[in-house]
file query-v5.cif (mmCIF, C-alpha atoms)
data_query
#
loop_
_atom_site.label_atom_id
_atom_site.label_comp_id
_atom_site.auth_asym_id
_atom_site.auth_seq_id
_atom_site.Cartn_x
_atom_site.Cartn_y
_atom_site.Cartn_z
CA MET A 1 -73.57 214.81 84.97
CA ARG A 2 -74.05 211.12 84.18
CA GLY A 3 -74.05 209.54 87.63
CA PRO A 4 -70.81 210.28 89.50
CA THR A 5 -70.67 206.78 90.99
CA ARG A 6 -70.68 205.13 87.56
CA ILE A 7 -68.04 207.52 86.29
CA LEU A 8 -65.85 206.94 89.33
CA GLU A 9 -66.04 203.18 88.75
CA ILE A 10 -64.94 203.64 85.14
CA LEU A 11 -62.05 205.89 86.08
CA ARG A 12 -60.86 203.53 88.83
CA ASP A 13 -61.00 200.61 86.40
CA PHE A 14 -59.13 202.52 83.70
CA VAL A 15 -56.35 203.55 86.10
CA GLU A 16 -55.96 199.88 87.06
CA VAL A 17 -55.95 198.78 83.40
CA ASP A 18 -53.31 201.38 82.62
CA ARG A 19 -51.13 200.16 85.52
CA LEU A 20 -51.54 196.47 84.61
CA VAL A 21 -50.79 196.95 80.91
CA ARG A 22 -47.63 198.94 81.62
CA GLY A 23 -46.46 196.29 84.06
CA LEU A 24 -47.20 193.44 81.65
CA ALA A 25 -45.35 195.20 78.84
CA ARG A 26 -42.28 195.60 81.03
CA ARG A 27 -42.35 191.95 82.10
CA HIS A 28 -42.73 190.86 78.49
CA ARG A 29 -39.65 192.81 77.44
CA ALA A 30 -37.62 191.71 80.45
CA LEU A 31 -38.64 188.10 81.06
CA GLY A 32 -41.53 187.16 78.80
CA LEU A 33 -45.18 186.74 79.75
CA ARG A 34 -46.98 183.64 80.99
CA PHE A 35 -50.64 182.94 80.34
CA PRO A 36 -51.75 183.10 84.03
CA GLU A 37 -50.28 186.61 84.35
CA LEU A 38 -53.06 188.00 82.16
CA ALA A 39 -55.87 186.83 84.46
CA ALA A 40 -56.18 190.07 86.45
CA LEU A 41 -56.33 192.14 83.25
CA ILE A 42 -58.42 190.05 80.90
CA ARG A 43 -60.89 187.19 81.14
CA ASP A 44 -64.40 186.90 79.81
CA ASP A 45 -66.05 187.62 83.16
CA GLU A 46 -66.13 190.38 85.79
CA GLY A 47 -63.17 188.87 87.58
CA SER A 48 -60.97 190.85 85.20
CA VAL A 49 -60.77 194.61 85.34
CA LEU A 50 -60.75 195.17 81.57
CA TYR A 51 -63.98 193.20 81.16
CA ARG A 52 -65.62 195.32 83.88
CA LEU A 53 -64.33 198.50 82.25
CA LYS A 54 -65.76 197.50 78.87
CA GLU A 55 -69.14 196.60 80.33
CA ARG A 56 -69.39 199.75 82.45
CA THR A 57 -68.29 202.02 79.61
CA HIS A 58 -70.75 200.48 77.17
CA ALA A 59 -73.54 200.73 79.75
CA LEU A 60 -72.81 204.42 80.34
CA PHE A 61 -72.27 205.46 76.76
CA ARG A 62 -74.50 203.01 74.84
CA GLY A 63 -77.22 201.84 77.23
CA PRO A 64 -80.52 203.50 78.16
CA GLY A 65 -79.82 207.11 78.95
CA GLY A 66 -76.38 206.78 77.40
CA ILE A 67 -74.93 208.61 74.43
CA VAL A 68 -75.96 206.47 71.47
CA ARG A 69 -77.87 209.31 69.84
CA GLY A 70 -76.25 212.30 71.48
CA SER A 71 -72.62 211.38 71.82
CA THR A 72 -69.85 213.91 71.66
CA HIS A 73 -66.70 213.10 69.74
CA ARG A 74 -64.62 212.56 72.89
CA GLU A 75 -67.22 210.34 74.55
CA ALA A 76 -67.62 208.15 71.49
CA LEU A 77 -63.86 207.93 71.02
CA PHE A 78 -63.26 206.87 74.62
CA ASP A 79 -65.96 204.19 74.35
CA LEU A 80 -64.42 202.92 71.11
CA ALA A 81 -60.91 202.91 72.61
CA VAL A 82 -62.01 200.83 75.60
CA GLY A 83 -63.67 198.30 73.29
CA SER A 84 -60.49 198.12 71.21
CA LEU A 85 -58.39 197.61 74.34
CA PHE A 86 -60.55 194.66 75.32
CA HIS A 87 -60.30 192.99 71.91
CA GLU A 88 -56.53 193.53 71.63
CA ALA A 89 -56.09 192.03 75.09
CA MET A 90 -58.21 189.03 74.12
CA LYS A 91 -56.03 188.45 71.05
CA LEU A 92 -52.92 188.62 73.25
CA ARG A 93 -54.50 186.12 75.64
CA GLU A 94 -55.28 183.75 72.76
CA ASN A 95 -51.71 183.93 71.44
CA LEU A 96 -50.32 183.10 74.88
CA TYR A 97 -52.76 180.20 75.14
CA GLN A 98 -51.61 178.86 71.79
CA ARG A 99 -47.97 179.02 72.84
CA GLU A 100 -48.31 177.51 76.31
CA VAL A 101 -51.26 175.11 76.00
CA TYR A 102 -52.12 174.41 72.40
CA GLY A 103 -48.51 174.16 71.14
CA PRO A 104 -47.36 171.45 73.57
CA ARG A 105 -50.50 169.41 72.83
CA VAL A 106 -49.89 169.60 69.08
CA ARG A 107 -46.27 168.52 69.49
CA ALA A 108 -47.24 165.66 71.78
CA LEU A 109 -49.63 164.37 69.12
CA GLN A 110 -47.09 164.93 66.37
CA SER A 111 -44.64 162.49 67.97
CA ASP A 112 -47.12 159.65 67.39
CA ALA A 113 -48.48 160.80 64.03
CA GLY A 114 -48.01 158.97 60.79
CA GLU A 115 -46.87 160.27 57.42
CA GLU A 116 -50.46 160.86 56.34
CA SER A 117 -50.78 163.64 58.97
CA LYS A 118 -47.54 165.42 58.08
CA ALA A 119 -49.17 168.15 55.96
CA LEU A 120 -51.62 169.00 58.73
CA PHE A 121 -48.88 169.23 61.35
CA ASP A 122 -46.81 171.39 59.01
CA GLU A 123 -49.68 173.88 59.02
CA PHE A 124 -49.85 173.72 62.80
CA GLU A 125 -46.14 174.48 63.01
CA LYS A 126 -46.47 177.47 60.68
CA MET A 127 -49.21 178.85 62.87
CA LEU A 128 -47.32 178.24 66.11
CA GLY A 129 -44.07 179.54 64.66
CA ALA A 130 -45.64 182.96 64.20
CA VAL A 131 -46.93 183.18 67.77
CA ASP A 132 -43.86 184.92 69.23
CA ASP A 133 -44.01 187.63 66.59
CA ARG A 134 -47.72 188.09 67.22
CA LEU A 135 -47.04 188.34 70.95
CA ASP A 136 -44.49 191.11 70.42
CA GLU A 137 -46.87 192.95 68.14
CA GLY A 138 -49.80 192.40 70.48
CA VAL A 139 -48.00 193.75 73.55
CA HIS A 140 -46.83 196.77 71.58
CA GLU A 141 -50.33 197.45 70.25
CA LEU A 142 -51.90 197.09 73.68
CA GLU A 143 -49.34 199.37 75.34
CA THR A 144 -49.70 201.99 72.60
CA LEU A 145 -53.48 201.86 72.71
CA VAL A 146 -53.67 202.27 76.48
CA GLN A 147 -51.31 205.25 76.25
CA ARG A 148 -53.41 206.86 73.52
CA THR A 149 -56.55 206.23 75.55
CA ALA A 150 -54.90 207.81 78.59
CA ASP A 151 -54.15 210.81 76.40
CA GLN A 152 -57.90 211.23 75.99
CA LEU A 153 -58.11 211.58 79.76
CA ARG A 154 -55.53 214.30 80.14
CA LEU A 155 -56.43 216.59 82.98
CA GLN A 156 -58.02 219.22 80.79
CA GLU A 157 -60.08 216.60 78.90
CA VAL A 158 -61.76 214.72 81.77
CA GLU A 159 -64.64 217.13 82.08
CA ALA A 160 -65.18 217.08 78.31
CA VAL A 161 -65.36 213.26 78.29
CA PHE A 162 -67.43 212.68 81.42
CA GLY A 163 -69.04 216.04 82.18
CA VAL A 164 -67.50 216.10 85.68
CA PRO A 165 -64.58 218.33 86.79
CA LEU A 166 -61.43 216.38 87.62
CA ASP A 167 -61.06 217.97 91.05
CA ALA A 168 -64.57 216.85 91.97
CA LEU A 169 -63.80 213.30 90.86
CA LEU A 170 -60.56 213.14 92.84
CA GLU A 171 -62.21 214.50 95.96
CA GLU A 172 -64.99 211.93 95.62
CA MET A 173 -62.58 209.05 94.98
CA TYR A 174 -59.79 209.88 97.45
CA GLY A 175 -61.02 212.56 99.82
CA SER A 176 -58.85 215.33 98.34
CA VAL A 177 -57.23 216.34 95.09
CA ALA A 178 -53.75 215.91 96.57
CA LYS A 179 -54.47 212.36 97.75
CA GLY A 180 -55.83 211.53 94.31
CA PHE A 181 -52.65 212.61 92.57
CA GLU A 182 -50.57 210.87 95.23
CA ALA A 183 -52.48 207.61 94.66
CA ALA A 184 -51.92 207.93 90.92
CA GLY A 185 -48.21 208.55 91.50
CA ARG A 186 -47.89 205.49 93.71
CA ALA A 187 -49.68 203.37 91.11
CA TYR A 188 -47.24 204.50 88.43
CA LEU A 189 -44.30 203.80 90.76
CA SER A 190 -45.48 200.24 91.29
CA SER A 191 -45.43 199.61 87.53
CA GLY A 192 -42.07 201.30 86.99
CA SER A 193 -43.48 204.35 85.16
CA PHE A 194 -41.18 206.75 86.95
CA GLU A 195 -41.68 209.83 84.78
CA ALA A 196 -45.47 209.60 85.08
CA ALA A 197 -45.12 209.06 88.84
CA ARG A 198 -42.88 212.11 89.18
CA ASP A 199 -45.38 214.29 87.34
CA ARG A 200 -48.33 213.08 89.45
CA PHE A 201 -46.45 213.76 92.68
CA ALA A 202 -45.66 217.24 91.39
CA ARG A 203 -49.37 217.86 90.80
CA ALA A 204 -50.12 216.62 94.32
CA LEU A 205 -47.61 219.04 95.80
CA GLU A 206 -49.31 221.94 94.02
CA GLN A 207 -52.36 221.43 96.23
CA THR A 208 -52.58 223.32 99.54
CA GLU A 209 -53.61 220.19 101.45
CA ALA A 210 -50.71 218.07 100.17
CA ASP A 211 -48.68 215.95 102.58
CA PRO A 212 -45.08 217.29 102.53
CA ALA A 213 -43.86 213.66 102.63
CA ILE A 214 -44.93 213.35 98.99
CA GLU A 215 -41.81 215.32 98.08
CA ARG A 216 -39.69 212.32 99.11
CA LEU A 217 -41.53 210.09 96.67
CA GLN A 218 -41.19 212.72 93.98
CA ASN A 219 -37.41 212.71 94.51
CA TYR A 220 -37.37 208.92 94.27
CA ALA A 221 -39.39 208.91 91.05
CA HIS A 222 -37.21 211.69 89.62
CA GLY A 223 -34.04 209.79 90.52
CA MET A 224 -35.19 206.51 89.01
CA HIS A 225 -36.42 208.20 85.84
CA ALA A 226 -33.04 209.92 85.50
CA TYR A 227 -31.33 206.54 85.95
CA VAL A 228 -33.37 204.99 83.13
CA ALA A 229 -32.54 208.06 80.99
CA ARG A 230 -28.83 207.55 81.86
CA ASP A 231 -28.59 210.95 83.55
CA TYR A 232 -26.58 209.44 86.36
CA ALA A 233 -25.59 212.68 88.11
CA SER A 234 -29.23 213.72 88.46
CA SER A 235 -30.21 210.21 89.50
CA VAL A 236 -27.72 210.09 92.37
CA ARG A 237 -28.66 213.61 93.48
CA HIS A 238 -32.39 212.92 93.74
CA LEU A 239 -32.02 209.43 95.20
CA ALA A 240 -29.69 210.83 97.86
CA VAL A 241 -32.36 213.33 98.91
CA TRP A 242 -34.90 210.49 99.09
CA ALA A 243 -32.54 208.40 101.25
CA GLU A 244 -31.55 211.27 103.55
CA THR A 245 -35.01 212.63 104.33
CA GLY A 246 -36.54 209.48 105.78
CA THR A 247 -36.27 205.72 106.13
CA PRO A 248 -36.16 204.14 102.65
CA GLU A 249 -39.29 202.12 101.97
CA PRO A 250 -38.44 198.37 101.76
CA GLY A 251 -40.46 197.99 98.58
CA LEU A 252 -38.31 200.62 96.84
CA LEU A 253 -34.95 199.88 98.44
CA ALA A 254 -33.87 196.78 96.49
CA LEU A 255 -34.41 198.37 93.07
CA THR A 256 -32.66 201.54 94.23
CA ARG A 257 -29.61 199.58 95.38
CA ASP A 258 -29.46 197.79 92.02
CA ALA A 259 -29.68 201.10 90.16
CA VAL A 260 -27.05 202.86 92.28
CA SER A 261 -24.74 199.82 92.07
CA SER A 262 -25.03 200.04 88.31
CA ILE A 263 -24.23 203.76 88.31
CA VAL A 264 -20.95 203.01 90.12
CA GLU A 265 -20.01 200.81 87.14
CA LEU A 266 -21.60 202.80 84.31
CA ALA A 267 -20.74 206.43 85.13
CA ASP A 268 -18.87 208.00 82.22
CA GLY A 269 -17.84 211.38 80.87
CA GLU A 270 -15.67 214.01 82.47
CA ASP A 271 -17.49 213.78 85.81
CA ARG A 272 -17.46 209.97 86.00
CA THR A 273 -15.09 209.86 89.00
CA ARG A 274 -17.22 212.29 91.00
CA ILE A 275 -20.49 210.59 90.04
CA ALA A 276 -19.15 207.12 90.84
CA GLY A 277 -17.85 208.40 94.19
CA GLU A 278 -21.20 209.95 95.10
CA ALA A 279 -22.97 206.77 94.02
CA THR A 280 -20.63 204.67 96.17
CA ALA A 281 -21.31 206.87 99.20
CA LEU A 282 -25.05 206.65 98.59
CA LEU A 283 -24.82 202.89 98.20
CA GLU A 284 -23.16 202.63 101.60
CA ARG A 285 -26.01 204.59 103.17
CA LEU A 286 -28.45 202.20 101.53
CA GLY A 287 -26.72 199.15 102.99
CA GLY A 288 -24.37 198.23 100.17
CA PRO A 289 -25.01 196.37 96.90
CA SER A 290 -27.97 194.04 96.80
CA PRO A 291 -27.15 190.31 97.13
CA GLY A 292 -27.83 189.75 93.42
CA ILE A 293 -25.34 192.44 92.40
CA ARG A 294 -22.72 191.06 94.82
CA ARG A 295 -23.09 187.57 93.38
CA ARG A 296 -22.77 188.81 89.81
CA ARG A 297 -19.68 190.82 90.69
CA GLY A 298 -18.13 187.86 92.44
CA THR A 299 -18.66 185.54 89.49
CA THR A 300 -18.42 187.70 86.40
CA GLY A 301 -16.56 190.84 87.38
CA PRO A 302 -17.39 194.39 86.23
CA ARG A 303 -18.63 193.26 82.85
CA GLY A 304 -21.31 191.12 84.53
CA ALA A 305 -22.36 194.06 86.66
CA ASN A 306 -22.72 196.20 83.54
CA GLN A 307 -24.96 193.58 81.99
CA ALA A 308 -27.04 193.44 85.16
CA ALA A 309 -27.41 197.22 85.07
CA THR A 310 -28.62 197.09 81.50
CA GLY A 311 -31.22 194.55 82.56
CA VAL A 312 -32.53 196.77 85.35
CA SER A 313 -32.78 199.69 82.96
CA ARG A 314 -34.59 197.69 80.30
CA SER A 315 -37.05 196.25 82.75
CA ARG A 316 -38.17 199.77 83.76
CA LYS A 317 -38.51 201.43 80.41
#

call {"tool": "encode", "arguments": {"input": "query-v5.cif", "output": "structure tokens"}}
result
Amino acid sequence: MRGPTRILEILRDFVEVDRLVRGLARRHRALGLRFPELAALIRDDEGSVLYRLKERTHALFRGPGGIVRGSTHREALFDLAVGSLFHEAMKLRENLYQREVYGPRVRALQSDAGEESKALFDEFEKMLGAVDDRLDEGVHELETLVQRTADQLRLQEVEAVFGVPLDALLEEMYGSVAKGFEAAGRAYLSSGSFEAARDRFARALEQTEADPAIERLQNYAHGMHAYVARDYASSVRHLAVWAETGTPEPGLLALTRDAVSSIVELADGEDRTRIAGEATALLERLGGPSPGIRRRRGTTGPRGANQAATGVSRSRK
């Protein structure tokens, strides 16, 4: 065992990196990213979690007593993946800097430049014109890489990578295996990864010491994942169970109301009347449409509501 405290720090950091990257990718697709939003994930100091993860992983796997000479395939691959994550994130950060800081400066200078500088500014414009494409590619690469790295930490692989059983790690980190899976599920919920959240809550409920209240969160995650997958009947069914078995959490309520409002408009197929009716009844229990949905309906009609629903769905994929 290579120092449980060091391993726990690495796992905590990786879980946070995974959560941040998924959230950033969703914001990029929905609204676009801003340079300051990357600060928590990536800077060149320990104030960013990805920098800490890189340093801790290299220290464990490459430093004195590490695995430089005796590495296993999985250990070396995890170390390499973390290093690649850091460098991809740095490239993404640089592209955002070019768009938001460097680009405006170049264009401000260009307005006062003479003809003799035209060729140089043409090159600047070519470089800046490709930034948006590089941002799209960079976000995709980062999201894919973090998913592939997470695949290396599948439950059955943790012991092979770190030499410590997963149950022992969860008990050390959270006090029990069930609480560990619950914490992971909540982290995935906060980033909109509903399928992953559902599966983690299911693993928590398999443990004898699990809090029965976790089942409510599992129903919520199941319902929101079904909504994103356009399985509206299943979505309404699971969200209704979540709403009926306790007081809806304020942090989850607004998104739920948006989703259920959208189902009222988007339900189709032979059962569309029944599904829309059940969604309407659920919406009433949740306090009615959210203010944003009401405004869009009042100004744009059903078509506007459909567009709003599409936006909610895209932002959570």

call {"tool": "closest_residue", "arguments": {"input": "query-v5.cif", "among": "A:Glu116, A:Met127, A:Met90, A:Ala39", "to": "A:Tyr102", "atoms": "all atoms listed in the file"}}
result
A:Met127

call {"tool": "atom_distance", "arguments": {"input": "query-v5.cif", "atom1": "atom CA of A:Ser261", "atom2": "atom CA of A:Ala281"}}
result
10.6 Å

call {"tool": "resolve_selection", "arguments": {"input": "query-v5.cif", "expression": "the PyMOL selection byres ((chain A and resi 227-242) around 7)", "output": "NGL selection string"}}
result
:A and (216 or 219-220 or 222-226 or 243-246 or 263 or 267 or 275 or 279 or 282 or 313 or 317)

call {"tool": "residues_around", "arguments": {"input": "query-v5.cif", "residues": "A:Thr57", "least_positions_apart": "2", "cutoff": "9 Å", "atoms": "only C-alpha atoms", "output": "JSON, numbers by chain"}}
result
{"A": [6, 7, 10, 52, 53, 54, 55, 59, 60, 61, 62, 78, 79, 82, 83]}

call {"tool": "atom_distance", "arguments": {"input": "query-v5.cif", "atom1": "atom CA of A:Gly192", "atom2": "atom CA of A:Ala81"}}
result
23.8 Å

call {"tool": "resolve_selection", "arguments": {"input": "query-v5.cif", "expression": "the PyMOL selection byres ((chain A and resi 48) around 12)", "output": "VMD selection string"}}
result
chain A and resid 13 to 14 16 to 17 20 37 to 47 49 to 55 86 89 to 90

call {"tool": "closest_residue", "arguments": {"input": "query-v5.cif", "among": "A:Leu205, A:Ala254, A:Leu92, A:Val177", "to": "A:Leu142", "atoms": "all atoms listed in the file"}}
result
A:Leu92

call {"tool": "resolve_selection", "arguments": {"input": "query-v5.cif", "expression": "the PyMOL selection byres ((chain A and resi 178-185) around 8)", "output": "list of chain:residue names"}}
result
A:Val15, A:Leu170, A:Glu171, A:Met173, A:Tyr174, A:Gly175, A:Ser176, A:Val177, A:Arg186, A:Ala187, A:Tyr188, A:Leu189, A:Ala196, A:Ala197, A:Arg198, A:Asp199, A:Arg200, A:Phe201, A:Arg203, A:Ala204, A:Leu205, A:Glu206, A:Gln207, A:Glu209, A:Ala210, A:Asp211, A:Ile214

call {"tool": "closest_residue", "arguments": {"input": "query-v5.cif", "among": "A:Leu24, A:Leu255, A:Leu31, A:Leu85", "to": "A:Gln147", "atoms": "all atoms listed in the file"}}
result
A:Leu85

call {"tool": "atom_distance", "arguments": {"input": "query-v5.cif", "atom1": "atom CA of A:Asn95", "atom2": "atom CA of A:Val131"}}
result
6.1 Å

call {"tool": "closest_residue", "arguments": {"input": "query-v5.cif", "among": "A:Tyr97, A:Lys91, A:His58, A:Asp18", "to": "A:Phe35", "atoms": "all atoms listed in the file"}}
result
A:Tyr97

call {"tool": "closest_residue", "arguments": {"input": "query-v5.cif", "among": "A:Glu100, A:Glu284, A:Glu249, A:Glu88", "to": "A:Gly138", "atoms": "all atoms listed in the file"}}
result
A:Glu88

call {"tool": "closest_residue", "arguments": {"input": "query-v5.cif", "among": "A:Arg74, A:Leu283, A:Glu215, A:Glu141", "to": "A:Ser262", "atoms": "only C-alpha atoms"}}
result
A:Leu283
